[in-house]
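Enquirer: As input, take work_29.cif (mmCIF, C-alpha atoms):
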```cif
data_data
#
loop_
_atom_site.label_atom_id
_atom_site.label_comp_id
_atom_site.auth_asym_id
_atom_site.auth_seq_id
_atom_site.Cartn_x
_atom_site.Cartn_y
_atom_site.Cartn_z
CA MET A 8 44.54 -64.77 -22.20
CA SER A 9 45.67 -61.50 -20.56
CA LYS A 10 43.89 -60.21 -17.53
CA ARG A 11 41.64 -57.14 -18.08
CA LYS A 12 42.97 -53.98 -16.49
CA GLN A 13 40.90 -52.20 -13.85
CA TYR A 14 41.15 -48.50 -13.02
CA SER A 15 40.10 -46.81 -9.79
CA PRO A 16 37.54 -43.97 -9.76
CA GLU A 17 40.29 -41.58 -8.70
CA PHE A 18 42.44 -42.53 -11.73
CA LYS A 19 39.47 -42.02 -14.01
CA ARG A 20 38.68 -38.57 -12.57
CA GLU A 21 42.27 -37.40 -12.91
CA ALA A 22 42.47 -38.68 -16.48
CA VAL A 23 39.28 -36.83 -17.40
CA GLU A 24 40.52 -33.63 -15.76
CA LEU A 25 43.81 -33.89 -17.66
CA ALA A 26 41.96 -34.31 -20.94
CA ARG A 27 39.82 -31.28 -20.15
CA ARG A 28 42.64 -29.01 -19.00
CA SER A 29 45.21 -29.79 -21.68
CA GLY A 30 44.85 -28.50 -25.16
CA THR A 31 45.87 -31.81 -26.76
CA SER A 32 43.56 -34.50 -28.09
CA CYS A 33 42.23 -37.42 -26.08
CA ARG A 34 44.20 -39.86 -28.28
CA GLN A 35 47.51 -38.27 -27.32
CA ILE A 36 46.57 -38.12 -23.61
CA ALA A 37 45.50 -41.80 -23.75
CA GLN A 38 48.83 -42.84 -25.28
CA GLU A 39 50.74 -40.87 -22.62
CA ILE A 40 48.91 -42.46 -19.64
CA GLY A 41 48.71 -45.90 -21.23
CA VAL A 42 45.00 -46.40 -21.83
CA ALA A 43 42.97 -46.99 -24.95
CA PRO A 44 41.73 -43.76 -26.64
CA SER A 45 38.19 -45.15 -26.89
CA LEU A 46 38.20 -45.88 -23.15
CA LEU A 47 39.28 -42.32 -22.29
CA ASN A 48 36.64 -40.90 -24.62
CA ARG A 49 33.99 -43.02 -22.82
CA TRP A 50 35.19 -41.74 -19.44
CA VAL A 51 34.84 -38.14 -20.67
CA ARG A 52 31.29 -38.77 -21.93
CA GLU A 53 30.27 -40.38 -18.65
CA ALA A 54 31.74 -37.48 -16.71
CA ARG A 55 29.67 -35.02 -18.72
CA ALA A 56 26.47 -37.04 -18.28
CA ALA A 57 26.74 -37.57 -14.52
CA GLU A 58 27.00 -35.02 -11.71
CA LYS A 59 29.27 -37.28 -9.69
CA PRO A 60 31.34 -39.36 -12.11
CA PHE A 61 32.62 -42.77 -11.29
CA PRO A 62 30.82 -43.32 -7.97
CA GLY A 63 32.41 -46.70 -7.75
CA THR A 64 31.10 -49.36 -5.41
CA GLY A 65 29.54 -47.58 -2.41
CA ASN A 66 27.93 -48.92 0.73
CA PRO A 67 24.18 -49.50 0.18
CA ARG A 68 23.53 -48.27 3.70
CA ASP A 69 25.24 -44.95 2.94
CA GLU A 70 23.22 -44.58 -0.25
CA GLU A 71 19.96 -45.23 1.64
CA LEU A 72 20.96 -42.72 4.31
CA ALA A 73 21.69 -40.09 1.67
CA ARG A 74 18.33 -40.76 0.02
CA LEU A 75 16.50 -40.44 3.34
CA LYS A 76 18.26 -37.16 4.09
CA ARG A 77 17.17 -35.78 0.73
CA GLU A 78 13.60 -36.94 1.38
CA LEU A 79 13.63 -35.39 4.85
CA ALA A 80 14.85 -32.07 3.47
CA ARG A 81 12.09 -32.09 0.84
CA VAL A 82 9.35 -32.96 3.35
CA THR A 83 10.63 -30.28 5.76
CA LYS A 84 10.40 -27.63 3.05
CA GLU A 85 6.90 -28.74 2.13
CA ARG A 86 5.83 -28.66 5.77
CA ASP A 87 7.24 -25.18 6.32
CA PHE A 88 5.58 -23.87 3.18
CA LEU A 89 2.17 -25.37 4.00
CA LYS A 90 2.42 -24.10 7.57
CA ARG A 91 2.78 -20.55 6.27
CA ARG A 92 0.60 -20.61 3.15
CA GLY A 93 -1.54 -23.73 3.42
CA SER A 94 -4.76 -21.76 3.98
CA VAL A 95 -4.71 -20.69 0.32
CA LEU A 96 -5.79 -24.23 -0.61
CA CYS A 97 -9.34 -23.14 0.23
CA GLN A 98 -9.15 -20.34 -2.33
CA GLY A 99 -9.10 -20.17 -6.10
CA ILE A 100 -6.36 -20.93 -8.61
CA ILE A 101 -5.41 -17.28 -9.10
CA GLU A 102 -4.86 -16.80 -5.37
CA ARG A 103 -2.61 -19.87 -5.33
CA TYR A 104 -0.59 -18.54 -8.25
CA SER A 105 -0.20 -15.23 -6.40
CA VAL A 106 1.18 -17.02 -3.34
CA ILE A 107 3.69 -18.88 -5.51
CA GLN A 108 4.74 -15.59 -7.09
CA ARG A 109 5.34 -14.01 -3.66
CA CYS A 110 7.29 -16.98 -2.27
CA ARG A 111 9.33 -18.02 -5.28
CA ASN A 112 12.52 -16.56 -3.76
CA GLU A 113 12.14 -18.75 -0.65
CA TYR A 114 10.91 -22.10 -2.04
CA PRO A 115 11.28 -23.96 -5.34
CA VAL A 116 8.44 -23.29 -7.75
CA ARG A 117 7.73 -26.96 -8.46
CA LEU A 118 7.60 -27.76 -4.75
CA MET A 119 5.01 -25.02 -4.19
CA CYS A 120 3.00 -26.14 -7.21
CA ARG A 121 2.97 -29.68 -5.87
CA CYS A 122 1.85 -28.53 -2.41
CA LEU A 123 -0.87 -26.23 -3.75
CA LYS A 124 -2.09 -28.80 -6.30
CA VAL A 125 -1.51 -26.69 -9.40
CA SER A 126 0.62 -27.36 -12.44
CA ALA A 127 3.95 -25.61 -12.95
CA SER A 128 3.12 -24.98 -16.61
CA GLY A 129 -0.13 -23.32 -15.59
CA TYR A 130 1.72 -21.07 -13.17
CA TYR A 131 4.28 -19.98 -15.78
CA ASP A 132 1.50 -19.36 -18.28
CA TRP A 133 -0.36 -17.21 -15.71
CA GLN A 134 2.85 -15.31 -14.92
CA ASP A 135 3.27 -14.18 -18.52
CA ARG A 136 -0.43 -13.57 -19.12
CA GLU A 137 -1.91 -10.05 -19.26
CA PRO A 138 -4.70 -9.26 -16.73
CA SER A 139 -8.11 -10.13 -18.12
CA PRO A 140 -10.75 -7.42 -18.69
CA ARG A 141 -12.63 -8.79 -15.67
CA ALA A 142 -9.54 -8.47 -13.47
CA GLN A 143 -8.94 -4.92 -14.69
CA ASP A 144 -12.56 -3.99 -13.97
CA ASN A 145 -12.29 -5.54 -10.49
CA ALA A 146 -9.17 -3.49 -9.79
CA ARG A 147 -11.01 -0.32 -10.84
CA LEU A 148 -14.00 -1.22 -8.64
CA ILE A 149 -11.77 -1.96 -5.66
CA LYS A 150 -10.11 1.44 -5.99
CA ARG A 151 -13.51 3.19 -5.99
CA ILE A 152 -14.75 1.03 -3.10
CA ARG A 153 -11.75 2.08 -1.01
CA GLU A 154 -12.43 5.75 -1.75
CA ILE A 155 -16.10 5.49 -0.73
CA HIS A 156 -15.17 3.49 2.37
CA GLU A 157 -12.64 6.13 3.46
CA ASP A 158 -15.14 8.94 2.82
CA SER A 159 -17.62 7.22 5.16
CA ARG A 160 -14.88 6.84 7.82
CA GLY A 161 -15.08 3.08 7.48
CA ALA A 162 -18.77 2.94 8.37
CA ILE A 163 -20.59 1.38 5.41
CA GLY A 164 -20.59 -2.30 4.49
CA ALA A 165 -21.43 -4.19 1.32
CA PRO A 166 -25.19 -3.40 1.02
CA ARG A 167 -24.81 0.37 1.19
CA MET A 168 -21.56 0.25 -0.80
CA HIS A 169 -23.54 -1.49 -3.55
CA GLU A 170 -26.19 1.21 -3.26
CA ASP A 171 -23.63 4.00 -3.72
CA LEU A 172 -22.03 2.26 -6.70
CA LEU A 173 -25.41 1.85 -8.38
CA PHE A 174 -26.06 5.55 -7.89
CA GLU A 175 -22.77 6.29 -9.68
CA GLY A 176 -23.83 4.15 -12.64
CA GLU A 177 -21.97 0.91 -11.86
CA THR A 178 -23.62 -2.39 -12.78
CA ALA A 179 -21.89 -4.63 -10.25
CA SER A 180 -24.14 -6.96 -8.27
CA LEU A 181 -24.32 -7.04 -4.48
CA ASN A 182 -22.59 -10.43 -4.37
CA ARG A 183 -19.71 -9.13 -6.47
CA VAL A 184 -19.26 -6.06 -4.26
CA ALA A 185 -19.35 -8.23 -1.13
CA ARG A 186 -16.81 -10.65 -2.61
CA LEU A 187 -14.39 -7.87 -3.59
CA MET A 188 -14.70 -6.22 -0.19
CA ALA A 189 -14.09 -9.53 1.58
CA ALA A 190 -11.04 -10.26 -0.57
CA GLU A 191 -9.58 -6.83 0.27
CA GLN A 192 -10.64 -7.10 3.94
CA ILE A 193 -12.89 -4.04 3.71
CA GLN A 194 -15.89 -4.05 6.03
CA GLY A 195 -18.20 -1.66 7.85
CA TRP A 196 -18.57 -1.29 11.56
CA PRO A 197 -20.38 -4.33 13.01
CA ARG A 198 -23.51 -3.95 15.08
CA ARG A 199 -22.96 -4.46 18.79
CA LYS A 200 -25.45 -6.64 20.63
CA ARG A 201 -26.61 -5.39 23.99
CA ARG A 202 -28.86 -6.80 26.64
CA GLY A 203 -31.67 -4.41 27.49
CA PHE A 204 -33.06 -3.73 30.97
CA GLY A 205 -36.58 -2.65 31.65
CA ARG A 206 -37.41 0.62 33.35
CA VAL A 207 -40.50 2.21 34.77
CA THR A 208 -42.25 4.57 32.35
CA SER A 209 -45.23 6.84 32.65
CA GLY A 210 -48.62 5.88 31.29
CA ARG A 211 -50.15 7.04 28.06
CA PRO A 212 -52.23 10.21 28.02
CA THR A 213 -55.94 9.66 27.74
CA GLY A 214 -57.06 8.65 24.26
CA VAL A 215 -53.53 7.90 22.95
CA GLU A 216 -52.95 4.44 21.42
CA ASN A 217 -50.28 2.65 19.43
CA LEU A 218 -51.46 3.56 15.94
CA LEU A 219 -48.43 2.16 14.10
CA GLU A 220 -48.58 -1.38 15.54
CA ARG A 221 -44.98 -1.87 14.34
CA ASP A 222 -45.88 -1.10 10.74
CA PHE A 223 -42.96 1.10 9.77
CA ASN A 224 -43.75 1.22 6.05
CA ALA A 225 -45.24 4.37 4.52
CA LEU A 226 -46.42 4.63 0.92
CA GLU A 227 -46.37 8.43 0.88
CA PRO A 228 -44.30 11.11 2.61
CA GLU A 229 -45.70 13.00 5.61
CA ARG A 230 -47.95 10.15 6.72
CA LYS A 231 -45.96 8.49 9.51
CA TRP A 232 -43.28 10.09 11.65
CA VAL A 233 -41.34 8.65 14.57
CA THR A 234 -39.34 10.46 17.26
CA ASP A 235 -37.09 9.58 20.18
CA ILE A 236 -34.18 10.83 22.31
CA THR A 237 -30.68 9.47 22.75
CA GLU A 238 -27.64 10.62 24.73
CA ILE A 239 -24.07 11.24 23.56
CA ALA A 240 -21.22 11.17 26.09
CA THR A 241 -18.62 13.97 26.09
CA LEU A 242 -15.91 15.06 28.52
CA GLU A 243 -18.08 18.05 29.46
CA GLY A 244 -21.12 15.89 30.15
CA LYS A 245 -23.98 14.34 28.26
CA LEU A 246 -25.47 15.79 25.09
CA PHE A 247 -29.04 14.73 24.25
CA LEU A 248 -30.27 14.42 20.67
CA CYS A 249 -33.92 14.28 19.64
CA VAL A 250 -34.81 13.43 16.02
CA VAL A 251 -37.95 13.12 13.92
CA LEU A 252 -37.86 10.55 11.09
CA ASP A 253 -40.21 10.30 8.12
CA LEU A 254 -40.88 6.57 7.61
CA TYR A 255 -41.35 7.02 3.87
CA SER A 256 -37.92 8.44 3.08
CA LYS A 257 -36.09 7.68 6.37
CA LEU A 258 -34.94 11.32 6.31
CA VAL A 259 -34.22 13.14 9.56
CA ILE A 260 -36.70 15.97 8.99
CA GLY A 261 -36.34 17.45 12.47
CA TRP A 262 -33.70 17.40 15.17
CA SER A 263 -32.64 19.26 18.28
CA MET A 264 -29.69 19.00 20.71
CA HIS A 265 -29.38 20.15 24.32
CA HIS A 266 -27.52 19.31 27.49
CA ARG A 267 -30.88 18.62 29.22
CA GLN A 268 -33.57 16.32 27.87
CA ASP A 269 -36.69 18.35 28.48
CA ARG A 270 -39.94 18.84 26.65
CA GLN A 271 -38.72 22.05 24.98
CA MET A 272 -35.98 20.14 23.14
CA VAL A 273 -38.59 17.67 21.85
CA ILE A 274 -40.90 20.47 20.78
CA ARG A 275 -38.05 22.21 18.87
CA ALA A 276 -37.29 18.99 16.95
CA VAL A 277 -40.98 18.50 16.01
CA GLU A 278 -41.25 22.18 15.08
CA MET A 279 -38.36 21.80 12.63
CA ALA A 280 -40.17 18.87 11.02
CA ILE A 281 -43.39 20.93 10.76
CA TRP A 282 -41.51 23.71 8.97
CA GLN A 283 -40.52 21.24 6.23
CA ARG A 284 -44.03 19.80 5.86
CA GLN A 285 -45.67 20.51 2.50
CA GLY A 286 -49.30 19.54 3.24
CA ASN A 287 -51.83 20.33 5.95
CA TRP A 288 -53.20 16.81 6.48
CA SER A 289 -52.78 15.01 9.77
CA VAL A 290 -49.61 13.02 10.38
CA ILE A 291 -49.09 10.19 12.87
CA LEU A 292 -46.17 11.00 15.20
CA HIS A 293 -45.07 7.94 17.16
CA SER A 294 -42.86 7.98 20.29
CA ASP A 295 -42.23 6.04 23.47
CA ARG A 296 -43.70 6.92 26.88
CA GLY A 297 -40.95 9.23 28.04
CA SER A 298 -42.01 12.08 30.32
CA GLN A 299 -41.16 14.61 27.59
CA PHE A 300 -43.70 13.02 25.22
CA THR A 301 -46.43 12.57 27.82
CA SER A 302 -46.15 16.19 29.02
CA VAL A 303 -49.11 18.51 28.61
CA ASP A 304 -47.13 21.08 26.61
CA TYR A 305 -46.05 18.47 24.07
CA GLN A 306 -49.57 17.10 23.65
CA ARG A 307 -51.00 20.60 23.18
CA PHE A 308 -48.33 21.38 20.59
CA LEU A 309 -49.28 18.27 18.59
CA SER A 310 -52.97 19.13 18.69
CA ARG A 311 -52.37 22.68 17.41
CA ASN A 312 -50.37 21.35 14.41
CA THR A 313 -52.67 18.50 13.27
CA LEU A 314 -50.29 15.80 14.49
CA VAL A 315 -51.83 12.58 15.83
CA CYS A 316 -49.96 11.20 18.82
CA SER A 317 -49.08 7.50 18.93
CA MET A 318 -47.14 5.79 21.73
CA SER A 319 -45.45 2.46 22.33
CA ALA A 320 -46.54 -0.11 24.86
CA VAL A 321 -44.76 -0.43 28.21
CA GLY A 322 -41.38 -2.17 27.91
CA HIS A 323 -41.65 -2.72 24.15
CA CYS A 324 -38.79 -0.83 22.51
CA GLY A 325 -39.55 -2.69 19.29
CA ASP A 326 -42.67 -0.53 18.93
CA ASN A 327 -40.32 2.33 18.03
CA ALA A 328 -37.71 0.19 16.23
CA ALA A 329 -37.33 2.58 13.29
CA CYS A 330 -36.00 5.40 15.47
CA GLU A 331 -34.00 3.06 17.68
CA GLY A 332 -32.42 1.61 14.55
CA PHE A 333 -31.33 5.06 13.40
CA PHE A 334 -29.70 5.76 16.75
CA GLY A 335 -27.92 2.42 16.65
CA GLN A 336 -26.64 3.17 13.17
CA LEU A 337 -25.52 6.67 14.21
CA LYS A 338 -23.52 5.36 17.17
CA ARG A 339 -22.10 2.41 15.27
CA GLU A 340 -20.93 4.47 12.31
CA ARG A 341 -19.86 7.69 13.97
CA VAL A 342 -20.19 8.17 17.74
CA ALA A 343 -18.57 4.91 18.88
CA HIS A 344 -15.33 5.84 17.11
CA GLN A 345 -15.08 9.40 18.39
CA SER A 346 -14.05 10.91 21.72
CA TYR A 347 -15.77 14.28 22.13
CA ARG A 348 -14.02 16.75 24.39
CA THR A 349 -16.75 19.40 24.40
CA LEU A 350 -20.47 19.61 23.79
CA ASP A 351 -19.89 21.90 20.80
CA GLU A 352 -17.57 19.32 19.22
CA ALA A 353 -20.26 16.65 19.57
CA ARG A 354 -22.91 18.99 18.12
CA ALA A 355 -20.76 19.71 15.06
CA ASP A 356 -20.07 16.03 14.41
CA LEU A 357 -23.74 15.02 14.81
CA PHE A 358 -24.79 17.81 12.45
CA ASP A 359 -22.21 16.58 9.92
CA TYR A 360 -23.52 13.02 10.14
CA ILE A 361 -27.20 13.97 9.79
CA GLU A 362 -27.01 16.64 7.11
CA ARG A 363 -23.92 15.57 5.12
CA PHE A 364 -23.94 11.78 5.41
CA HIS A 365 -27.34 10.30 6.32
CA ASN A 366 -29.86 12.63 4.64
CA PRO A 367 -28.06 12.83 1.24
CA ARG A 368 -27.89 9.04 1.16
CA MET A 369 -31.60 8.71 1.92
CA ARG A 370 -32.45 11.29 -0.79
CA ARG A 371 -30.49 9.27 -3.34
CA ARG A 372 -32.34 6.14 -2.28
CA VAL A 373 -35.72 7.85 -2.76
CA ALA A 374 -34.62 9.15 -6.17
CA GLN A 375 -33.68 5.63 -7.26
CA GLN A 376 -37.05 4.28 -6.15
CA ASP A 377 -38.82 7.04 -8.10
CA LEU A 378 -36.84 6.09 -11.23
CA LYS A 379 -37.85 2.44 -10.84
CA PHE A 380 -41.54 3.32 -10.53
CA SER A 381 -41.40 5.74 -13.44
CA ALA A 382 -39.86 3.01 -15.62
CA LEU A 383 -42.80 0.65 -15.02
#
```
Taking this structure as input, can you express it in the form of structure tokens?
Expert:
Amino acid sequence: MSKRKQYSPEFKREAVELARRSGTSCRQIAQEIGVAPSLLNRWVREARAAEKPFPGTGNPRDEELARLKRELARVTKERDFLKRRGSVLCQGIIERYSVIQRCRNEYPVRLMCRCLKVSASGYYDWQDREPSPRAQDNARLIKRIREIHEDSRGAIGAPRMHEDLLFEGETASLNRVARLMAAEQIQGWPRRKRRGFGRVTSGRPTGVENLLERDFNALEPERKWVTDITEIATLEGKLFLCVVLDLYSKLVIGWSMHHRQDRQMVIRAVEMAIWQRQGNWSVILHSDRGSQFTSVDYQRFLSRNTLVCSMSAVGHCGDNAACEGFFGQLKRERVAHQSYRTLDEARADLFDYIERFHNPRMRRRVAQQDLKFSAL
């Protein structure tokens, strides 16, 4: 019995290459190199099926080392990807698909799908899918939200953004507006917390009490007013602003600005509010115990115009929280982000905020409330 011939991997590779390069048949090549035609045909099929034909007998240790290197390369890629984009695991499926779409030129798609726990088929289906009507409506809302946010100089947050959208006829809920703004990283100016320090104030005039008792709700206009003074810093010095708020509409119905906080500035602000008053009934006007409000001239002016004076208790700024809240909102949304060079520049900006930003918004809010009551 003849011994079976054995051929080295190198001989097999060269035979296959010869069969591929030459234009003759495998049978003729097999006869020329002295092998069976069926054997050469089998070598060609194996070469086509395998990336590395005829590996031969390798060292098991080398094969294990190669496998470990491949595993290390895969784990390294997964680690790098998760280090950069792993936070998206806390978000929805669409956000994960978007990350895969952005990073597909850097990492294999199936690796990213495996790391983000989504299916590759689902990703490819999402890639070819048209945006849903909900997604298109969200894109339209986001565009309008950005426009309103820029018009307000970045001041308003989700609640008042929702209010403006409702006024324009949108039906989006507050939660939806807040979610879209959070996804696009759009937010209003946050409220700064400050620690207050007490100061010595003058006493109340005789017969003056706290008539509001921190009840800042009014069922009708021209029933409860509040007033106070705040200061605005400029490079020329301080500018003082006194306002009068109607607690029914939250409108600034009277205001005055001056470089000195005296009783005449307060009287001018109250006088502006009186000019806009429609009725002749008495109105409660609440303030703190500043010297301007406890002055004799101020008290006489209130008595002549059927205004009932009300004052806060000592050291209780919460007794005039409605006016303090307006000043905090004014500084948070406008003053804190400006640097006024002159007093006139500060006056113009405060006038713009009161008459072109705050009051129109409050009028729209009152109009919406009237529509709700008329629909009942």
Enquirer: At most 10 Å from (-43.9, -4.2, 18.1), file frame, all atoms listed in the file: which residues, as a list of chain:residue names?
Expert: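 So the residues meeting the distance criterion are A:Asn217, A:Leu219, A:Glu220, A:Arg221, A:Asp222, A:Phe223, A:Ser319, A:Ala320, A:His323, A:Cys324, A:Gly325, A:Asp326, A:Asn327, A:Ala328.
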Enquirer: Using only C-alpha atoms, which residue out of A:Glu352, A:Asp295, A:Glu362, A:Glu21 lies closest to Ile260 in chain A?
Expert: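 Among the listed residues, A:Glu362 lies closest to Ile260 in chain A.
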Enquirer: Report the residues retrieved by the PyMOL selection byres ((chain A and resi 297-312) around 6) from the displayed file, expressed as a list in words.
Expert: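 The output of the PyMOL selection byres ((chain A and resi 297-312) around 6) on this file is Asp269, Arg270, Asp295, Arg296, Thr313 and Leu314 of chain A.
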Enquirer: Report as a PyMOL selection string the residues that result from applying the PyMOL selection byres ((chain A and resi 130-139) around 12) to the structure here.
Expert: chain A and resi 100-109+111+116-117+119-121+123-129+140-146
Enquirer: Name the closest residue to Gly286 in chain A among the candidates A:Glu227, A:Asp377, A:Asp351, A:Asp158; distances are taken between atoms, counting all atoms listed in the file.
Expert: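 Smallest separation from Gly286 in chain A among the options: A:Glu227.
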Enquirer: Measuring between all atoms listed in the file, which one of A:Gln194, A:Gln336, A:Leu118, A:Ala240 shows the shortest distance to Ile152 in chain A?
Expert: A:Gln194
Enquirer: Figure out the distance between CA of Val259 in chain A and CA of His365 in chain A, please, to one decimal in Å.
Expert: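 CA of His365 in chain A sits 8.1 Å away from CA of Val259 in chain A.
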Enquirer: CA of Ala56 in chain A and CA of Ile36 in chain A, how far apart in Å?
Expert: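 About the pair CA of Ile36 in chain A and CA of Ala56 in chain A: they are 20.8 Å apart.
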Enquirer: I'd like the neighbourhood of Pro367 in chain A as a PyMOL selection string, where a residue qualifies if any of its atoms comes within 12 Å (using only C-alpha atoms), though same-chain residues fewer than 5 positions away should be ignored.
Expert: chain A and resi 171+174+256-259+359-362+372-374
Enquirer: Record the distance separating CA of Val277 in chain A and CA of Trp262 in chain A, expressed in Å with one decimal.
Expert: 7.4 Å
Enquirer: Can you translate the PyMOL selection byres ((chain A and resi 242) around 10) into the concrete residues it hits in this file, as a PDB file with C-alpha atoms, in the frame of the given file?
Expert:
```
ATOM      1  CA  ALA A 240     -21.220  11.170  26.090  1.00  0.00           C
ATOM      2  CA  THR A 241     -18.620  13.970  26.090  1.00  0.00           C
ATOM      3  CA  GLU A 243     -18.080  18.050  29.460  1.00  0.00           C
ATOM      4  CA  GLY A 244     -21.120  15.890  30.150  1.00  0.00           C
ATOM      5  CA  LYS A 245     -23.980  14.340  28.260  1.00  0.00           C
ATOM      6  CA  SER A 346     -14.050  10.910  21.720  1.00  0.00           C
ATOM      7  CA  TYR A 347     -15.770  14.280  22.130  1.00  0.00           C
ATOM      8  CA  ARG A 348     -14.020  16.750  24.390  1.00  0.00           C
ATOM      9  CA  THR A 349     -16.750  19.400  24.400  1.00  0.00           C
ATOM     10  CA  LEU A 350     -20.470  19.610  23.790  1.00  0.00           C
TER      11      LEU A 350
END
```
Enquirer: Using only C-alpha atoms, pick whichever of A:Arg230, A:Lys84, A:Glu78, A:Leu378 has the shortest atom-to-atom distance to Ser289 in chain A.
Expert: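 Under the stated criterion, the closest residue is A:Arg230.
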Enquirer: List the neighbours of Phe247 in chain A out to 12 Å using only C-alpha atoms; skip same-chain residues closer than 6 positions along the sequence, and give me the result as JSON, numbers by chain.
Expert: {"A": [235, 236, 237, 238, 239, 240, 241, 262, 263, 264, 265, 266, 267, 268, 269, 270, 272, 273, 276, 334, 350, 353, 354, 357]}
Enquirer: May I ask which of the residues A:Leu254, A:Val290, A:Ala190, A:Cys110 is the closest one to Gln98 in chain A, counting all atoms listed in the file?
Expert: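 Of all the options, A:Ala190 lies closest to Gln98 in chain A.
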Enquirer: Compare A:Ile291, A:Leu173, A:Val321, A:Val315 by their minimum atom-to-atom distance to Pro228 in chain A, counting all atoms listed in the file, and give me the closest one.
Expert: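 That would be A:Ile291, the residue with the smallest distance to Pro228 in chain A.
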Enquirer: Using all atoms listed in the file, find all polymer residues with an atom at most 10 Å away from the point (37.3, -33.1, -16.2); report them as a ChimeraX atom specification.
Expert: /A:19-28,50-51,54-55,60
Enquirer: When you look at Arg167 in chain A with a cut-off of 10 Å (counting only C-alpha atoms), what residues show up, excluding the ones that are within fewer than 4 positions of it in the same chain? I need them as a PDB file with C-alpha atoms, in the frame of the given file.
Expert:
```pdb
ATOM      1  CA  ALA A 162     -18.770   2.940   8.370  1.00  0.00           C
ATOM      2  CA  ILE A 163     -20.590   1.380   5.410  1.00  0.00           C
ATOM      3  CA  ASP A 171     -23.630   4.000  -3.720  1.00  0.00           C
ATOM      4  CA  LEU A 172     -22.030   2.260  -6.700  1.00  0.00           C
ATOM      5  CA  LEU A 173     -25.410   1.850  -8.380  1.00  0.00           C
ATOM      6  CA  LEU A 181     -24.320  -7.040  -4.480  1.00  0.00           C
ATOM      7  CA  GLY A 195     -18.200  -1.660   7.850  1.00  0.00           C
ATOM      8  CA  ARG A 368     -27.890   9.040   1.160  1.00  0.00           C
TER       9      ARG A 368
END
```
